[in-house]
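Participant: Contents of start15.txt (compact mmCIF, C-alpha atoms and all ligand atoms) are below:
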```txt
# COMPACT_ATOMS: atom_id res chain seq x y z
CA PRO A 1480 -22.39 -159.94 -36.81
CA ALA A 1481 -21.05 -161.99 -39.73
CA PRO A 1482 -17.42 -163.01 -39.40
CA PRO A 1483 -15.05 -161.02 -41.58
CA PRO A 1484 -14.42 -162.60 -44.97
CA ILE A 1485 -11.41 -164.88 -45.03
CA LYS A 1486 -8.59 -163.22 -46.88
CA PRO A 1487 -6.72 -166.01 -48.64
CA ARG A 1488 -3.07 -166.23 -47.79
CA SER A 1489 -0.90 -167.06 -50.74
CA HIS A 1490 0.84 -170.27 -51.63
CA LYS A 1491 4.42 -169.84 -52.67
CA THR A 1492 4.69 -171.52 -56.05
CA VAL A 1493 7.99 -171.92 -57.88
CA LEU A 1494 8.77 -172.67 -61.49
CA LEU A 1495 11.78 -174.81 -62.24
CA GLY A 1496 13.22 -176.16 -65.46
CA ASP A 1497 15.89 -175.55 -68.08
CA ALA A 1498 16.42 -172.14 -69.62
CA SER A 1499 14.03 -171.38 -72.50
CA VAL A 1500 11.48 -174.10 -71.77
CA GLY A 1501 8.86 -171.36 -71.27
CA LYS A 1502 8.68 -170.74 -67.52
CA SER A 1503 8.28 -166.97 -67.76
CA SER A 1504 5.87 -167.36 -70.67
CA ILE A 1505 3.66 -169.67 -68.60
CA VAL A 1506 3.54 -167.10 -65.79
CA MET A 1507 2.80 -164.27 -68.24
CA ARG A 1508 0.04 -166.26 -69.89
CA PHE A 1509 -1.53 -167.18 -66.56
CA VAL A 1510 -1.28 -163.78 -64.92
CA LYS A 1511 -1.71 -161.40 -67.87
CA ASN A 1512 -2.99 -163.68 -70.63
CA VAL A 1513 -0.34 -162.50 -73.07
CA PHE A 1514 2.46 -164.20 -74.98
CA SER A 1515 5.56 -162.73 -76.57
CA ASP A 1516 7.91 -164.47 -78.99
CA ALA A 1517 10.69 -162.33 -77.66
CA MET A 1518 10.38 -162.68 -73.91
CA GLU A 1519 13.10 -160.73 -72.24
CA ALA A 1520 15.23 -162.97 -70.11
CA THR A 1521 14.14 -162.75 -66.52
CA VAL A 1522 16.56 -160.76 -64.44
CA GLY A 1523 16.37 -161.02 -60.68
CA ALA A 1524 13.49 -162.80 -59.03
CA ALA A 1525 10.30 -162.29 -61.01
CA PHE A 1526 7.28 -162.35 -58.82
CA ALA A 1527 3.54 -162.38 -59.46
CA THR A 1528 0.35 -163.16 -57.58
CA GLN A 1529 -2.87 -164.56 -58.96
CA THR A 1530 -6.05 -165.85 -57.38
CA LEU A 1531 -8.04 -168.78 -58.67
CA ASP A 1532 -11.44 -170.15 -57.65
CA VAL A 1533 -11.80 -173.91 -57.89
CA ASP A 1534 -14.42 -176.19 -56.42
CA GLY A 1535 -15.79 -173.34 -54.31
CA LYS A 1536 -12.49 -172.43 -52.74
CA THR A 1537 -10.22 -169.50 -53.39
CA VAL A 1538 -6.55 -170.26 -53.80
CA LYS A 1539 -4.02 -167.49 -54.08
CA PHE A 1540 -0.73 -168.18 -55.81
CA GLU A 1541 2.44 -166.26 -55.13
CA ILE A 1542 4.48 -167.23 -58.15
CA TRP A 1543 8.26 -167.17 -58.21
CA ASP A 1544 10.04 -167.45 -61.51
CA THR A 1545 13.51 -168.87 -61.06
CA ALA A 1546 15.08 -165.91 -62.79
CA GLY A 1547 17.57 -167.84 -64.86
CA GLN A 1548 19.14 -169.39 -61.81
CA GLU A 1549 18.59 -172.81 -63.44
CA ARG A 1550 22.15 -172.24 -64.58
CA PHE A 1551 23.25 -172.24 -60.96
CA SER A 1552 21.38 -175.18 -59.51
CA SER A 1553 23.12 -174.76 -56.16
CA LEU A 1554 21.15 -171.54 -55.70
CA ALA A 1555 17.83 -173.31 -56.18
CA PRO A 1556 17.09 -174.21 -52.55
CA MET A 1557 16.51 -170.60 -51.54
CA TYR A 1558 13.88 -170.36 -54.28
CA TYR A 1559 11.88 -173.37 -53.32
CA ARG A 1560 12.21 -173.04 -49.55
CA GLY A 1561 8.73 -172.66 -48.08
CA ALA A 1562 7.01 -173.46 -51.38
CA SER A 1563 3.61 -175.18 -51.30
CA ALA A 1564 3.73 -175.97 -54.98
CA ALA A 1565 6.25 -176.38 -57.76
CA ILE A 1566 5.82 -176.47 -61.51
CA VAL A 1567 8.64 -178.30 -63.21
CA VAL A 1568 8.62 -177.35 -66.87
CA TYR A 1569 10.21 -178.96 -69.88
CA ASP A 1570 9.96 -178.30 -73.60
CA GLN A 1571 8.37 -181.34 -75.22
CA SER A 1572 10.44 -180.72 -78.36
CA ASN A 1573 13.67 -180.91 -76.39
CA ARG A 1574 14.73 -184.27 -74.96
CA GLN A 1575 17.44 -182.84 -72.73
CA SER A 1576 15.00 -180.54 -71.01
CA PHE A 1577 12.90 -183.58 -70.04
CA GLU A 1578 15.95 -185.23 -68.50
CA ARG A 1579 16.80 -182.03 -66.65
CA ALA A 1580 13.23 -181.82 -65.39
CA GLN A 1581 13.74 -185.17 -63.69
CA THR A 1582 16.79 -183.78 -61.93
CA TRP A 1583 14.70 -180.86 -60.63
CA VAL A 1584 12.02 -183.22 -59.41
CA LYS A 1585 14.59 -185.29 -57.52
CA GLN A 1586 16.05 -182.19 -55.96
CA LEU A 1587 12.61 -180.98 -54.88
CA GLN A 1588 11.73 -184.33 -53.42
CA LEU A 1589 14.94 -184.35 -51.41
CA SER A 1590 14.43 -180.77 -50.28
CA GLY A 1591 12.70 -181.68 -47.07
CA ASN A 1592 9.15 -180.53 -47.83
CA PRO A 1593 7.17 -183.76 -48.12
CA ASN A 1594 3.88 -181.91 -48.68
CA ILE A 1595 4.96 -179.92 -51.70
CA VAL A 1596 2.59 -180.42 -54.65
CA ILE A 1597 4.57 -180.86 -57.85
CA ALA A 1598 3.22 -180.57 -61.38
CA LEU A 1599 5.22 -181.56 -64.42
CA ALA A 1600 4.36 -179.44 -67.44
CA ALA A 1601 5.22 -180.56 -70.98
CA ASN A 1602 5.28 -177.13 -72.55
CA LYS A 1603 5.32 -176.02 -76.21
CA MET A 1604 2.69 -178.59 -77.12
CA ASP A 1605 1.87 -176.38 -80.10
CA LEU A 1606 5.17 -177.34 -81.77
CA PRO A 1607 4.86 -180.25 -84.19
CA GLU A 1608 8.28 -181.68 -83.43
CA ARG A 1609 8.09 -184.07 -80.51
CA ALA A 1610 11.32 -185.25 -78.91
CA THR A 1611 9.72 -186.82 -75.86
CA SER A 1612 7.02 -189.43 -75.56
CA LEU A 1613 3.84 -188.45 -73.82
CA GLU A 1614 3.30 -191.95 -72.45
CA GLN A 1615 6.79 -192.02 -70.99
CA ALA A 1616 6.30 -188.64 -69.35
CA ARG A 1617 2.90 -189.63 -67.97
CA GLN A 1618 4.35 -192.86 -66.60
CA TYR A 1619 7.25 -191.01 -65.03
CA ALA A 1620 4.82 -188.56 -63.40
CA ASP A 1621 2.64 -191.38 -62.08
CA ASP A 1622 5.61 -193.26 -60.69
CA ASN A 1623 6.80 -190.16 -58.86
CA GLY A 1624 3.50 -188.81 -57.55
CA LEU A 1625 3.47 -185.76 -59.80
CA LEU A 1626 0.58 -184.09 -61.53
CA PHE A 1627 1.13 -184.01 -65.28
CA ILE A 1628 -0.19 -181.81 -68.07
CA GLU A 1629 0.77 -180.70 -71.58
CA THR A 1630 0.72 -176.93 -72.03
CA SER A 1631 1.32 -174.18 -74.51
CA ALA A 1632 2.07 -170.71 -73.23
CA LYS A 1633 1.92 -169.63 -76.87
CA THR A 1634 -1.68 -170.67 -77.57
CA GLY A 1635 -2.70 -170.63 -73.91
CA GLN A 1636 -3.81 -174.24 -74.07
CA ASN A 1637 -4.03 -175.85 -70.61
CA ILE A 1638 -2.32 -173.01 -68.75
CA GLN A 1639 -5.40 -172.30 -66.66
CA GLN A 1640 -5.86 -176.05 -66.14
CA LEU A 1641 -2.28 -176.39 -64.91
CA PHE A 1642 -2.98 -173.96 -62.09
CA SER A 1643 -6.47 -175.31 -61.37
CA MET A 1644 -4.97 -178.76 -61.01
CA LEU A 1645 -2.54 -177.43 -58.40
CA ALA A 1646 -5.26 -175.37 -56.70
CA ARG A 1647 -7.40 -178.48 -56.20
CA ARG A 1648 -4.55 -180.05 -54.25
CA LEU A 1649 -3.84 -176.98 -52.11
CA PRO A 1650 -5.75 -175.85 -49.05
CA GLU A 1651 -7.58 -172.52 -49.16
CA GLN A 1652 -5.26 -171.25 -46.45
CA PRO A 1653 -1.64 -172.35 -46.58
P1 LIG A 1701 12.23 -169.53 -69.65
O1 LIG A 1701 13.68 -169.25 -69.86
O2 LIG A 1701 12.01 -170.96 -69.24
O3 LIG A 1701 11.54 -168.56 -68.75
O4 LIG A 1701 11.53 -169.44 -71.09
P2 LIG A 1701 10.79 -168.19 -71.77
O5 LIG A 1701 9.44 -168.03 -71.20
O6 LIG A 1701 11.69 -167.02 -71.78
O7 LIG A 1701 10.59 -168.75 -73.25
C1 LIG A 1701 11.71 -169.10 -74.07
C2 LIG A 1701 11.31 -169.01 -75.54
O8 LIG A 1701 10.33 -170.01 -75.84
C3 LIG A 1701 10.68 -167.67 -75.92
O9 LIG A 1701 11.09 -167.35 -77.23
C4 LIG A 1701 9.20 -167.96 -75.90
O10 LIG A 1701 8.50 -167.11 -76.77
C5 LIG A 1701 9.13 -169.42 -76.36
N1 LIG A 1701 8.00 -170.16 -75.79
C6 LIG A 1701 7.58 -170.21 -74.50
N2 LIG A 1701 6.50 -171.00 -74.36
C7 LIG A 1701 6.20 -171.46 -75.61
C8 LIG A 1701 5.18 -172.34 -76.12
O11 LIG A 1701 4.31 -172.86 -75.42
N3 LIG A 1701 5.24 -172.61 -77.47
C9 LIG A 1701 6.18 -172.06 -78.29
N4 LIG A 1701 6.14 -172.39 -79.58
N5 LIG A 1701 7.16 -171.24 -77.84
C10 LIG A 1701 7.16 -170.94 -76.51
```
So, in terms of C-alpha cells, how does the structure I just supplied come out?
Ligand code: GDP
Facilitator:
Amino acid sequence: PAPPPIKPRSHKTVLLGDASVGKSSIVMRFVKNVFSDAMEATVGAAFATQTLDVDGKTVKFEIWDTAGQERFSSLAPMYYRGASAAIVVYDQSNRQSFERAQTWVKQLQLSGNPNIVIALAANKMDLPERATSLEQARQYADDNGLLFIETSAKTGQNIQQLFSMLARRLPEQP
C-alpha cells in the first residue's frame, strides 16, 4: 500500500518591528488577501496558519503577530522561542523604524537559534516618500545574512514573494 501522505508540520514564524509598520496588514494580506486602512490594533497574540507550495514542496506557516508587544521588548523572547522563521518589518517611509528593525535583528541573532531564517521587509513601498535608502537596506541585509524584500500590504506587491522566499529556505518538515 502507498504510504500515507505527509502532513506538513508548521513552521512557527514571527513578525517583529515597530508599531504601525504594517505587521498585521502583511499577515492579513498573505492569509486573507485583504487590506484595511483602519486595521484594529492587535490585542493578544494574533495567530494564523497558511500553506505554501514552492519548488515542489509544501511549507506550512504558523504565523505569530507580536500583538503590540514591540512596546515591551523584554517580552519578545517568548514570542520568538522555537521560531523557524522571522520577518522583521520596517516602514520604508520611516527612518526610525529601520533603525529599530536592526535592533530586532540583533536580538533575534542573539536569541540562541542559529538556524532561524530571517527576512527583512521594507514595507509600504507604495508610499512615495522614502526615508530609507534601498541600497543601504540591501547592504545591511547582505552583511547580516538576511533575506531582503520590499513589500506593500496595501497593494499586495511582493507579499506572496516574501513568504515564498522564506519557504524556499525552510524544510518541508520542521
Ligand atoms: P502593525 O502595528 O505593525 O501591525 O501595523 P498595522 O498592520 O496595524 O498597520 C499600521 C497602519 O499602516 C494601518 O493604518 C495600515 O492600514 C497601514 N499600512 C500597513 N501596510 C501598509 C502598506 O503597505 N502601505 C500603506 N500605505 N499603508 C500600510
Participant: List every residue of chain A that has an atom at most 10 Å from any atom of ligand LIG 1701 (chain A), giving for each one its closest atom pair and the distance in Å to one decimal, counting all atoms listed in the file, sorted by chain and then by ascending residue number, as a Markdown table.
Facilitator:
```
| residue | atom | partner | partner_atom | distance |
| --- | --- | --- | --- | --- |
| A:Leu1494 | CA | A:LIG1701 | O2 | 8.6 |
| A:Leu1495 | CA | A:LIG1701 | O2 | 8.0 |
| A:Gly1496 | CA | A:LIG1701 | O2 | 6.5 |
| A:Asp1497 | CA | A:LIG1701 | O2 | 6.1 |
| A:Ala1498 | CA | A:LIG1701 | O1 | 4.0 |
| A:Ser1499 | CA | A:LIG1701 | O1 | 3.4 |
| A:Val1500 | CA | A:LIG1701 | O2 | 4.1 |
| A:Gly1501 | CA | A:LIG1701 | O4 | 3.3 |
| A:Lys1502 | CA | A:LIG1701 | O2 | 3.8 |
| A:Ser1503 | CA | A:LIG1701 | O3 | 3.8 |
| A:Ser1504 | CA | A:LIG1701 | O5 | 3.7 |
| A:Ile1505 | CA | A:LIG1701 | O5 | 6.5 |
| A:Val1506 | CA | A:LIG1701 | O5 | 8.1 |
| A:Met1507 | CA | A:LIG1701 | O5 | 8.2 |
| A:Arg1508 | CA | A:LIG1701 | N2 | 9.2 |
| A:Phe1514 | CA | A:LIG1701 | O10 | 6.9 |
| A:Ser1515 | CA | A:LIG1701 | O10 | 5.3 |
| A:Asp1516 | CA | A:LIG1701 | O10 | 3.5 |
| A:Ala1517 | CA | A:LIG1701 | O9 | 5.1 |
| A:Met1518 | CA | A:LIG1701 | O6 | 5.0 |
| A:Glu1519 | CA | A:LIG1701 | O6 | 6.5 |
| A:Ala1520 | CA | A:LIG1701 | O6 | 5.6 |
| A:Thr1521 | CA | A:LIG1701 | O3 | 6.7 |
| A:Asp1544 | CA | A:LIG1701 | O3 | 7.5 |
| A:Thr1545 | CA | A:LIG1701 | O3 | 7.9 |
| A:Ala1546 | CA | A:LIG1701 | O3 | 7.4 |
| A:Gly1547 | CA | A:LIG1701 | O1 | 6.5 |
| A:Gln1548 | CA | A:LIG1701 | O1 | 9.7 |
| A:Glu1549 | CA | A:LIG1701 | O1 | 8.8 |
| A:Val1568 | CA | A:LIG1701 | O2 | 7.6 |
| A:Tyr1569 | CA | A:LIG1701 | O2 | 8.2 |
| A:Asp1570 | CA | A:LIG1701 | C8 | 8.0 |
| A:Gln1571 | CA | A:LIG1701 | O11 | 9.4 |
| A:Ser1572 | CA | A:LIG1701 | N4 | 9.5 |
| A:Ala1601 | CA | A:LIG1701 | O11 | 8.9 |
| A:Asn1602 | CA | A:LIG1701 | O11 | 5.2 |
| A:Lys1603 | CA | A:LIG1701 | O11 | 3.4 |
| A:Met1604 | CA | A:LIG1701 | O11 | 6.2 |
| A:Asp1605 | CA | A:LIG1701 | N3 | 5.7 |
| A:Leu1606 | CA | A:LIG1701 | N4 | 5.5 |
| A:Pro1607 | CA | A:LIG1701 | N4 | 9.2 |
| A:Glu1629 | CA | A:LIG1701 | O11 | 9.4 |
| A:Thr1630 | CA | A:LIG1701 | O11 | 6.4 |
| A:Ser1631 | CA | A:LIG1701 | O11 | 3.4 |
| A:Ala1632 | CA | A:LIG1701 | O11 | 3.8 |
| A:Lys1633 | CA | A:LIG1701 | O11 | 4.3 |
| A:Thr1634 | CA | A:LIG1701 | O11 | 6.7 |
| A:Gly1635 | CA | A:LIG1701 | O11 | 7.5 |
| A:Gln1636 | CA | A:LIG1701 | O11 | 8.3 |
| A:Ile1638 | CA | A:LIG1701 | O11 | 9.4 |
```
Participant: Go ahead and write the residues just picked, C-alpha atoms, as a PDB file, in the coordinates of the input.
Facilitator:
```pdb
ATOM      1  CA  LEU A1494       8.770-172.670 -61.490  1.00  0.00           C
ATOM      2  CA  LEU A1495      11.780-174.810 -62.240  1.00  0.00           C
ATOM      3  CA  GLY A1496      13.220-176.160 -65.460  1.00  0.00           C
ATOM      4  CA  ASP A1497      15.890-175.550 -68.080  1.00  0.00           C
ATOM      5  CA  ALA A1498      16.420-172.140 -69.620  1.00  0.00           C
ATOM      6  CA  SER A1499      14.030-171.380 -72.500  1.00  0.00           C
ATOM      7  CA  VAL A1500      11.480-174.100 -71.770  1.00  0.00           C
ATOM      8  CA  GLY A1501       8.860-171.360 -71.270  1.00  0.00           C
ATOM      9  CA  LYS A1502       8.680-170.740 -67.520  1.00  0.00           C
ATOM     10  CA  SER A1503       8.280-166.970 -67.760  1.00  0.00           C
ATOM     11  CA  SER A1504       5.870-167.360 -70.670  1.00  0.00           C
ATOM     12  CA  ILE A1505       3.660-169.670 -68.600  1.00  0.00           C
ATOM     13  CA  VAL A1506       3.540-167.100 -65.790  1.00  0.00           C
ATOM     14  CA  MET A1507       2.800-164.270 -68.240  1.00  0.00           C
ATOM     15  CA  ARG A1508       0.040-166.260 -69.890  1.00  0.00           C
ATOM     16  CA  PHE A1514       2.460-164.200 -74.980  1.00  0.00           C
ATOM     17  CA  SER A1515       5.560-162.730 -76.570  1.00  0.00           C
ATOM     18  CA  ASP A1516       7.910-164.470 -78.990  1.00  0.00           C
ATOM     19  CA  ALA A1517      10.690-162.330 -77.660  1.00  0.00           C
ATOM     20  CA  MET A1518      10.380-162.680 -73.910  1.00  0.00           C
ATOM     21  CA  GLU A1519      13.100-160.730 -72.240  1.00  0.00           C
ATOM     22  CA  ALA A1520      15.230-162.970 -70.110  1.00  0.00           C
ATOM     23  CA  THR A1521      14.140-162.750 -66.520  1.00  0.00           C
ATOM     24  CA  ASP A1544      10.040-167.450 -61.510  1.00  0.00           C
ATOM     25  CA  THR A1545      13.510-168.870 -61.060  1.00  0.00           C
ATOM     26  CA  ALA A1546      15.080-165.910 -62.790  1.00  0.00           C
ATOM     27  CA  GLY A1547      17.570-167.840 -64.860  1.00  0.00           C
ATOM     28  CA  GLN A1548      19.140-169.390 -61.810  1.00  0.00           C
ATOM     29  CA  GLU A1549      18.590-172.810 -63.440  1.00  0.00           C
ATOM     30  CA  VAL A1568       8.620-177.350 -66.870  1.00  0.00           C
ATOM     31  CA  TYR A1569      10.210-178.960 -69.880  1.00  0.00           C
ATOM     32  CA  ASP A1570       9.960-178.300 -73.600  1.00  0.00           C
ATOM     33  CA  GLN A1571       8.370-181.340 -75.220  1.00  0.00           C
ATOM     34  CA  SER A1572      10.440-180.720 -78.360  1.00  0.00           C
ATOM     35  CA  ALA A1601       5.220-180.560 -70.980  1.00  0.00           C
ATOM     36  CA  ASN A1602       5.280-177.130 -72.550  1.00  0.00           C
ATOM     37  CA  LYS A1603       5.320-176.020 -76.210  1.00  0.00           C
ATOM     38  CA  MET A1604       2.690-178.590 -77.120  1.00  0.00           C
ATOM     39  CA  ASP A1605       1.870-176.380 -80.100  1.00  0.00           C
ATOM     40  CA  LEU A1606       5.170-177.340 -81.770  1.00  0.00           C
ATOM     41  CA  PRO A1607       4.860-180.250 -84.190  1.00  0.00           C
ATOM     42  CA  GLU A1629       0.770-180.700 -71.580  1.00  0.00           C
ATOM     43  CA  THR A1630       0.720-176.930 -72.030  1.00  0.00           C
ATOM     44  CA  SER A1631       1.320-174.180 -74.510  1.00  0.00           C
ATOM     45  CA  ALA A1632       2.070-170.710 -73.230  1.00  0.00           C
ATOM     46  CA  LYS A1633       1.920-169.630 -76.870  1.00  0.00           C
ATOM     47  CA  THR A1634      -1.680-170.670 -77.570  1.00  0.00           C
ATOM     48  CA  GLY A1635      -2.700-170.630 -73.910  1.00  0.00           C
ATOM     49  CA  GLN A1636      -3.810-174.240 -74.070  1.00  0.00           C
ATOM     50  CA  ILE A1638      -2.320-173.010 -68.750  1.00  0.00           C
TER      51      ILE A1638
END
```
Participant: In Å, how far is it from atom CA of Val1538 of chain A to atom CA of Val1510 of chain A?
Facilitator: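 Interatomic distance, atom CA of Val1538 of chain A to atom CA of Val1510 of chain A: 13.9 Å.
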Participant: Taking only C-alpha atoms into account, name the residue in A:Leu1645, A:Leu1625, A:Val1493, A:Ile1597 that is nearest to Tyr1558 of chain A.
Facilitator: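 With only C-alpha atoms as the atom set, the closest residue is A:Val1493.
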Participant: Just give me the gap between atom CA of Arg1609 of chain A and atom CA of Asn1573 of chain A in Å, one decimal is fine.
Facilitator: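 Value for the atom CA of Arg1609 of chain A-atom CA of Asn1573 of chain A distance: 7.6 Å.
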Participant: Could you state the separation of atom CA of Asp1534 of chain A and atom CA of Asn1623 of chain A in Å, given to one decimal place?
Facilitator: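 Atom CA of Asp1534 of chain A sits 25.5 Å away from atom CA of Asn1623 of chain A.
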Participant: Would you kindly return, as a CSV table (one decimal) with C-alpha atoms, in the frame of the given file, each protein, DNA or RNA residue with an atom no farther than 9 Å from any atom of segment 1615-1619 of chain A, considering all atoms listed in the file and excluding same-chain residues fewer than 4 positions away?
Facilitator:
```csv
chain,number,residue,atom,x,y,z
A,1577,PHE,CA,12.9,-183.6,-70.0
A,1581,GLN,CA,13.7,-185.2,-63.7
A,1599,LEU,CA,5.2,-181.6,-64.4
A,1601,ALA,CA,5.2,-180.6,-71.0
A,1611,THR,CA,9.7,-186.8,-75.9
A,1623,ASN,CA,6.8,-190.2,-58.9
A,1624,GLY,CA,3.5,-188.8,-57.6
A,1625,LEU,CA,3.5,-185.8,-59.8
A,1626,LEU,CA,0.6,-184.1,-61.5
A,1627,PHE,CA,1.1,-184.0,-65.3
A,1628,ILE,CA,-0.2,-181.8,-68.1
```
Participant: With all atoms listed in the file as the atoms that count, which of A:Gln1529, A:Asn1637, A:Asn1512, A:Asn1592 lies nearest to Ala1565 of chain A?
Facilitator: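 Checking each candidate against Ala1565 of chain A, we get A:Asn1592 as the closest.
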Participant: Go ahead and fit an axis-aligned box to every listed atom of segment 1573-1592 of chain A plus 6 Å each side, and pass me the centre and edge lengths in Å, one decimal, as AutoDock Vina command-line options.
Facilitator:
```
--center_x 13.3 --center_y -182.9 --center_z -61.7 --size_x 20.3 --size_y 16.8 --size_z 41.3
```
